[in-house]
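Enquirer: Input file: data_3.txt. Contents: compact mmCIF, C-alpha atoms.
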```
# COMPACT_ATOMS: atom_id res chain seq x y z
CA MET A 1 20.54 16.87 25.89
CA THR A 2 18.47 16.29 22.76
CA ILE A 3 19.87 13.62 20.44
CA THR A 4 18.85 14.09 16.81
CA PHE A 5 19.44 11.75 13.87
CA ILE A 6 19.20 13.17 10.34
CA THR A 7 19.24 11.08 7.16
CA GLY A 8 20.72 12.36 3.90
CA ALA A 9 22.65 15.02 5.80
CA ASN A 10 25.99 15.31 4.06
CA LYS A 11 24.81 18.36 2.04
CA GLY A 12 21.96 20.78 1.42
CA LEU A 13 19.04 20.91 3.82
CA GLY A 14 20.27 17.99 5.90
CA ARG A 15 23.70 19.45 6.53
CA GLU A 16 22.34 22.91 7.29
CA THR A 17 19.80 21.41 9.69
CA ALA A 18 22.63 19.55 11.41
CA ARG A 19 24.71 22.73 11.68
CA ARG A 20 21.85 24.73 13.16
CA LEU A 21 20.83 22.08 15.66
CA VAL A 22 24.40 21.59 16.87
CA ALA A 23 24.52 25.35 17.44
CA GLN A 24 21.36 25.04 19.54
CA GLY A 25 22.91 22.35 21.73
CA HIS A 26 21.65 19.15 20.12
CA THR A 27 23.84 16.08 19.87
CA VAL A 28 23.50 15.48 16.13
CA LEU A 29 24.04 12.16 14.38
CA LEU A 30 24.60 12.88 10.72
CA GLY A 31 23.46 10.09 8.42
CA ALA A 32 24.71 9.70 4.85
CA ARG A 33 25.44 6.94 2.34
CA ASP A 34 28.90 8.12 1.30
CA ARG A 35 31.38 7.72 4.14
CA ALA A 36 33.91 10.28 2.91
CA LEU A 37 31.27 12.96 2.35
CA GLY A 38 29.45 12.10 5.55
CA GLU A 39 32.57 12.21 7.71
CA LYS A 40 33.62 15.52 6.14
CA ALA A 41 30.21 17.09 6.74
CA ALA A 42 30.01 15.77 10.30
CA ALA A 43 33.44 17.16 11.14
CA ALA A 44 32.49 20.54 9.66
CA VAL A 45 29.34 20.96 11.75
CA GLY A 46 30.35 19.16 14.95
CA ALA A 47 28.22 16.05 14.51
CA ARG A 48 28.93 12.31 14.60
CA TYR A 49 28.73 10.50 11.28
CA VAL A 50 26.55 7.40 11.04
CA PRO A 51 26.54 5.52 7.74
CA ILE A 52 23.06 4.82 6.36
CA ASP A 53 21.45 4.09 3.01
CA VAL A 54 17.71 4.45 3.57
CA ALA A 55 17.02 2.25 0.53
CA ASP A 56 18.82 -0.72 2.10
CA ASP A 57 17.33 -2.75 4.96
CA ALA A 58 20.66 -3.97 6.28
CA SER A 59 22.20 -0.48 6.24
CA VAL A 60 19.26 1.00 8.16
CA ALA A 61 19.39 -1.80 10.73
CA ALA A 62 23.13 -1.30 11.15
CA ALA A 63 22.66 2.45 11.70
CA ALA A 64 20.06 1.81 14.40
CA ALA A 65 22.37 -0.73 16.07
CA ASP A 66 25.27 1.74 15.93
CA ILE A 67 23.26 4.42 17.72
CA ALA A 68 21.85 1.93 20.23
CA ALA A 69 25.41 0.96 21.13
CA HIS A 70 26.74 4.52 21.39
CA GLU A 71 23.95 6.93 22.39
CA GLY A 72 21.29 4.45 23.51
CA ARG A 73 18.36 6.54 22.24
CA ILE A 74 17.32 9.33 19.95
CA ASP A 75 14.87 12.13 20.70
CA VAL A 76 14.31 13.40 17.16
CA LEU A 77 14.33 11.48 13.88
CA ILE A 78 14.50 13.66 10.77
CA ASN A 79 13.67 11.71 7.61
CA ASN A 80 15.41 14.07 5.21
CA ALA A 81 16.96 11.77 2.60
CA GLY A 82 15.33 12.28 -0.78
CA VAL A 83 15.89 12.11 -4.52
CA HIS A 84 14.40 14.20 -7.31
CA GLY A 85 14.03 11.57 -10.00
CA PRO A 86 13.41 12.32 -13.67
CA SER A 87 11.22 15.12 -14.99
CA GLY A 88 9.02 14.87 -18.05
CA GLY A 89 5.77 13.34 -19.16
CA PRO A 90 4.35 9.88 -18.48
CA GLY A 91 5.67 8.47 -21.74
CA GLU A 92 9.22 9.15 -20.63
CA LEU A 93 8.94 7.58 -17.18
CA THR A 94 9.49 3.92 -16.35
CA ALA A 95 8.48 1.62 -13.55
CA ALA A 96 12.14 1.45 -12.55
CA ASP A 97 12.19 5.25 -12.23
CA ALA A 98 9.16 5.09 -9.94
CA ARG A 99 10.64 2.35 -7.77
CA ALA A 100 13.89 4.30 -7.36
CA VAL A 101 12.16 7.52 -6.28
CA PHE A 102 9.61 5.92 -3.97
CA ASP A 103 12.18 3.57 -2.40
CA VAL A 104 14.07 6.58 -1.04
CA ASN A 105 11.39 9.23 -0.55
CA VAL A 106 8.62 7.05 0.89
CA THR A 107 9.78 3.52 1.61
CA GLY A 108 13.01 4.93 3.01
CA ALA A 109 11.04 6.86 5.60
CA VAL A 110 8.99 3.76 6.44
CA ARG A 111 12.11 1.63 6.71
CA THR A 112 14.01 4.12 8.87
CA THR A 113 11.09 4.96 11.14
CA ALA A 114 10.40 1.29 11.84
CA ALA A 115 14.05 0.61 12.70
CA PHE A 116 14.36 3.66 14.95
CA LEU A 117 11.10 3.39 16.89
CA PRO A 118 12.73 1.44 19.75
CA LEU A 119 15.33 4.21 20.12
CA LEU A 120 12.67 6.93 20.00
CA ARG A 121 10.63 5.18 22.67
CA ARG A 122 13.55 5.55 25.07
CA SER A 123 13.12 9.34 24.84
CA ASP A 124 11.03 11.44 27.21
CA ASP A 125 9.82 13.61 24.31
CA PRO A 126 10.22 11.79 20.96
CA ALA A 127 9.53 13.40 17.60
CA ILE A 128 9.64 12.38 13.94
CA ILE A 129 9.98 14.99 11.21
CA ASN A 130 9.39 14.00 7.60
CA VAL A 131 10.93 16.47 5.17
CA SER A 132 8.21 16.69 2.57
CA SER A 133 7.47 19.44 0.02
CA GLY A 134 4.81 21.77 -1.25
CA MET A 135 5.33 19.86 -4.50
CA GLY A 136 3.22 17.15 -2.89
CA SER A 137 0.33 19.51 -2.12
CA LEU A 138 -2.74 19.27 -4.35
CA ALA A 139 -3.60 22.89 -3.55
CA PHE A 140 -0.14 24.28 -4.28
CA THR A 141 0.37 22.37 -7.54
CA HIS A 142 -3.02 23.64 -8.81
CA ASP A 143 -2.42 27.29 -7.90
CA PRO A 144 -0.90 29.32 -10.80
CA SER A 145 0.46 31.88 -8.35
CA ARG A 146 2.68 29.25 -6.73
CA PRO A 147 6.04 28.04 -8.09
CA GLU A 148 4.89 24.42 -7.58
CA PHE A 149 2.27 24.90 -10.31
CA HIS A 150 4.89 25.47 -13.00
CA VAL A 151 6.96 22.31 -12.54
CA VAL A 152 6.19 18.86 -13.94
CA VAL A 153 7.99 16.25 -11.86
CA PRO A 154 5.40 13.46 -11.53
CA LEU A 155 7.32 10.97 -9.46
CA TYR A 156 8.80 13.46 -7.02
CA CYS A 157 5.43 15.16 -6.50
CA ALA A 158 3.63 11.84 -6.04
CA SER A 159 6.25 10.63 -3.56
CA LYS A 160 5.98 13.77 -1.46
CA ALA A 161 2.17 13.54 -1.48
CA ALA A 162 2.57 9.99 -0.20
CA LEU A 163 5.01 11.14 2.48
CA THR A 164 2.63 13.80 3.79
CA MET A 165 -0.18 11.23 3.96
CA LEU A 166 2.19 8.84 5.72
CA THR A 167 2.80 11.59 8.25
CA THR A 168 -0.88 11.96 9.12
CA GLN A 169 -1.30 8.20 9.43
CA TYR A 170 1.76 7.80 11.63
CA ALA A 171 0.60 10.68 13.82
CA LYS A 172 -2.63 8.74 14.49
CA ALA A 173 -0.85 5.42 14.95
CA LEU A 174 1.85 6.80 17.27
CA PRO A 175 0.09 8.96 19.86
CA ASP A 176 3.16 8.83 22.10
CA ILE A 177 5.39 10.44 19.42
CA ARG A 178 5.02 13.80 17.65
CA VAL A 179 4.99 13.13 13.90
CA ASN A 180 5.01 16.14 11.59
CA ALA A 181 5.96 17.07 8.04
CA ALA A 182 8.05 20.06 6.98
CA ASP A 183 7.88 21.94 3.67
CA PRO A 184 11.26 23.64 3.15
CA GLY A 185 9.92 25.80 0.30
CA TYR A 186 11.69 26.60 -2.95
CA THR A 187 15.24 26.42 -1.68
CA ALA A 188 18.48 26.54 -3.65
CA THR A 189 19.95 23.03 -3.37
CA ASP A 190 21.44 20.38 -5.64
CA LEU A 191 17.92 18.93 -5.97
CA ASN A 192 16.87 21.87 -8.18
CA ASP A 193 20.30 22.83 -9.53
CA HIS A 194 20.30 25.75 -7.08
CA ARG A 195 17.44 27.53 -8.84
CA GLY A 196 15.49 27.95 -5.61
CA THR A 197 14.76 31.45 -4.37
CA GLN A 198 15.41 30.72 -0.68
CA THR A 199 18.76 30.20 1.00
CA VAL A 200 19.45 26.82 2.53
CA THR A 201 19.14 28.42 5.96
CA GLU A 202 15.67 29.73 5.15
CA GLY A 203 14.81 26.30 3.79
CA THR A 204 15.60 24.68 7.13
CA ASP A 205 13.52 27.05 9.25
CA ALA A 206 10.50 24.72 9.42
CA ILE A 207 12.62 21.64 10.12
CA VAL A 208 14.55 23.36 12.91
CA ALA A 209 11.35 24.76 14.41
CA LEU A 210 9.80 21.29 14.58
CA ALA A 211 13.01 19.78 15.98
CA THR A 212 13.17 22.31 18.81
CA GLU A 213 9.52 22.35 19.90
CA GLY A 214 8.83 21.60 23.51
CA PRO A 215 6.72 18.79 24.98
CA GLY A 216 3.05 19.00 24.10
CA ALA A 217 3.48 20.56 20.67
CA GLY A 218 1.02 19.26 18.11
CA SER A 219 1.29 16.17 15.95
CA GLY A 220 0.03 15.43 12.46
CA ARG A 221 0.91 18.88 11.09
CA PHE A 222 2.35 20.17 7.81
CA VAL A 223 4.60 23.17 8.53
CA ASP A 224 6.57 25.66 6.46
CA ARG A 225 8.77 28.53 7.66
CA TYR A 226 5.70 30.71 8.21
CA GLY A 227 3.68 28.22 10.24
CA ASP A 228 1.12 25.47 9.75
CA ILE A 229 -0.15 24.62 6.25
CA ALA A 230 -3.64 23.29 5.64
CA TRP A 231 -3.66 19.64 4.55
CA SER A 232 -4.81 19.62 0.92
```
Go ahead and express the file in the form of structure tokens.
Expert:
Amino acid sequence: MTITFITGANKGLGRETARRLVAQGHTVLLGARDRALGEKAAAAVGARYVPIDVADDASVAAAAADIAAHEGRIDVLINNAGVHGPSGGPGELTAADARAVFDVNVTGAVRTTAAFLPLLRRSDDPAIINVSSGMGSLAFTHDPSRPEFHVVVPLYCASKAALTMLTTQYAKALPDIRVNAADPGYTATDLNDHRGTQTVTEGTDAIVALATEGPGAGSGRFVDRYGDIAWS
């Protein structure tokens, strides 16, 4: 049975991914900072709650130890936890804003991946999925026909660009593990005040597809619900 750990999964894309993977037979470990919300979400979808704050070293280490003691391994790590951060121009942004966004969206993925590598290496077919965004694509944010072009969110966009680059580097550095990035698309979640044009189920299509691929599927890819996206 495939054991999948998802960060930031008490709501939105993370929770819907958990629900769909449980329905497909995965043992899902639902990670979230808030215990009450995490336990409620886990109970609703049939997952086990694991407390984790991806911005805290001790919390991430404790989550890995918890899973090592109970399940002994994971097969799929989904780095889903993310924050939007402030919008606006450079004059309105601070270094503290940047640290807060990058510490979750980028450093959080680094921190969690490092802690969970020993558990992934106990799997026969390990995979890491970084939930990125078309907002981090140079091509998409320069294309007036795309919704990404019309939004100015410097820190979020920069953090997602960094996460997609991290994905390609990890794919090279970890040839024994599939490492891919997913673009959910413009999905109605709390992150955009539910202005997105896709349902949360549609937004999880790429994540679920990557989480359910068989052995030998490619690594170092950027995927949306329609298939592979060119790196740009």
Enquirer: In Å, rounded to a single decimal, give me how far CA of Ile6 in chain A is from CA of Ala211 in chain A.
Expert: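 We find that CA of Ala211 in chain A and CA of Ile6 in chain A lie 10.7 Å from each other.
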Enquirer: Can you tell me how far CA of Ile52 in chain A sits from CA of Arg33 in chain A, in Å to one decimal?
Expert: 5.1 Å
Enquirer: Name the closest residue to Ser123 in chain A among the candidates A:Leu155, A:Ala181, A:Ile74, A:Ala206; distances are taken between atoms, counting only C-alpha atoms.
Expert: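 So, comparing all the options, the nearest one is A:Ile74.
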Enquirer: Could you work out how far CA of Ala81 in chain A lies from CA of Gly31 in chain A, giving the answer in Å with one decimal?
Expert: 8.9 Å
Enquirer: For Ala139 in chain A, list every protein, DNA or RNA residue within 12 Å, evaluated using all atoms listed in the file, and leave out those in the same chain fewer than 4 positions away; present the list as a PDB file with C-alpha atoms, keeping the file's coordinate frame.
Expert:
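The resulting result03.pdb:
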```pdb
ATOM      1  CA  GLY A 134       4.810  21.770  -1.250  1.00  0.00           C
ATOM      2  CA  MET A 135       5.330  19.860  -4.500  1.00  0.00           C
ATOM      3  CA  ASP A 143      -2.420  27.290  -7.900  1.00  0.00           C
ATOM      4  CA  PRO A 144      -0.900  29.320 -10.800  1.00  0.00           C
ATOM      5  CA  SER A 145       0.460  31.880  -8.350  1.00  0.00           C
ATOM      6  CA  ARG A 146       2.680  29.250  -6.730  1.00  0.00           C
ATOM      7  CA  PRO A 147       6.040  28.040  -8.090  1.00  0.00           C
ATOM      8  CA  GLU A 148       4.890  24.420  -7.580  1.00  0.00           C
ATOM      9  CA  PHE A 149       2.270  24.900 -10.310  1.00  0.00           C
ATOM     10  CA  ALA A 161       2.170  13.540  -1.480  1.00  0.00           C
ATOM     11  CA  ILE A 229      -0.150  24.620   6.250  1.00  0.00           C
ATOM     12  CA  ALA A 230      -3.640  23.290   5.640  1.00  0.00           C
ATOM     13  CA  TRP A 231      -3.660  19.640   4.550  1.00  0.00           C
ATOM     14  CA  SER A 232      -4.810  19.620   0.920  1.00  0.00           C
TER      15      SER A 232
END
```
Enquirer: In terms of the shortest atom-to-atom distance over all atoms listed in the file, which of A:Leu37, A:Ile207, A:Ala55, A:Leu174 is closest to Arg111 in chain A?
Expert: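 Of the candidates, the smallest distance to Arg111 in chain A is held by A:Ala55.
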Enquirer: Name the closest residue to Leu13 in chain A among the candidates A:Val76, A:Val131, A:Ala217, A:Ala171; distances are taken between atoms, counting only C-alpha atoms.
Expert: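 Using only C-alpha atoms, the shortest distance to Leu13 in chain A belongs to A:Val131.
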Enquirer: Rank A:Arg48, A:Asn10, A:Ala61, A:Ala100 by their smallest atom-to-atom distance to Ala36 in chain A, using only C-alpha atoms, and report the top residue only.
Expert: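 Using only C-alpha atoms, the shortest distance to Ala36 in chain A belongs to A:Asn10.
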Enquirer: Could you rebuild range 202-222 of chain A with N, CA and C atoms and give it back as a compact mmCIF listing (two decimals), keeping the file's coordinate frame?
Expert:
```
# COMPACT_ATOMS: atom_id res chain seq x y z
N GLU A 202 17.12 29.49 5.16
CA GLU A 202 15.67 29.73 5.15
C GLU A 202 14.90 28.43 4.92
N GLY A 203 15.46 27.57 4.08
CA GLY A 203 14.81 26.30 3.79
C GLY A 203 14.75 25.34 4.96
N THR A 204 15.61 25.55 5.95
CA THR A 204 15.60 24.68 7.13
C THR A 204 14.82 25.25 8.30
N ASP A 205 14.23 26.42 8.13
CA ASP A 205 13.52 27.05 9.25
C ASP A 205 12.43 26.15 9.82
N ALA A 206 11.61 25.56 8.93
CA ALA A 206 10.50 24.72 9.42
C ALA A 206 11.02 23.46 10.10
N ILE A 207 12.07 22.87 9.55
CA ILE A 207 12.62 21.64 10.12
C ILE A 207 13.18 21.92 11.52
N VAL A 208 13.95 23.00 11.63
CA VAL A 208 14.55 23.36 12.91
C VAL A 208 13.47 23.71 13.93
N ALA A 209 12.44 24.41 13.50
CA ALA A 209 11.35 24.76 14.41
C ALA A 209 10.68 23.51 14.97
N LEU A 210 10.42 22.53 14.11
CA LEU A 210 9.80 21.29 14.58
C LEU A 210 10.74 20.50 15.49
N ALA A 211 12.03 20.54 15.19
CA ALA A 211 13.01 19.78 15.98
C ALA A 211 13.26 20.39 17.35
N THR A 212 12.88 21.64 17.54
CA THR A 212 13.17 22.31 18.81
C THR A 212 11.90 22.66 19.58
N GLU A 213 10.76 22.14 19.15
CA GLU A 213 9.52 22.35 19.90
C GLU A 213 9.58 21.65 21.25
N GLY A 214 8.86 22.20 22.19
CA GLY A 214 8.83 21.60 23.51
C GLY A 214 7.77 20.52 23.62
N PRO A 215 7.74 19.82 24.74
CA PRO A 215 6.72 18.79 24.98
C PRO A 215 5.31 19.36 24.84
N GLY A 216 4.43 18.57 24.25
CA GLY A 216 3.05 19.00 24.10
C GLY A 216 2.74 19.71 22.80
N ALA A 217 3.75 19.96 21.98
CA ALA A 217 3.48 20.56 20.67
C ALA A 217 2.67 19.58 19.83
N GLY A 218 1.96 20.09 18.85
CA GLY A 218 1.02 19.26 18.11
C GLY A 218 1.66 18.23 17.20
N SER A 219 0.86 17.24 16.86
CA SER A 219 1.29 16.17 15.95
C SER A 219 0.37 16.16 14.74
N GLY A 220 0.83 15.54 13.66
CA GLY A 220 0.03 15.43 12.46
C GLY A 220 -0.10 16.74 11.70
N ARG A 221 0.94 17.56 11.72
CA ARG A 221 0.91 18.88 11.09
C ARG A 221 1.83 18.94 9.88
N PHE A 222 1.53 19.87 8.98
CA PHE A 222 2.35 20.17 7.81
C PHE A 222 2.78 21.62 7.98
```
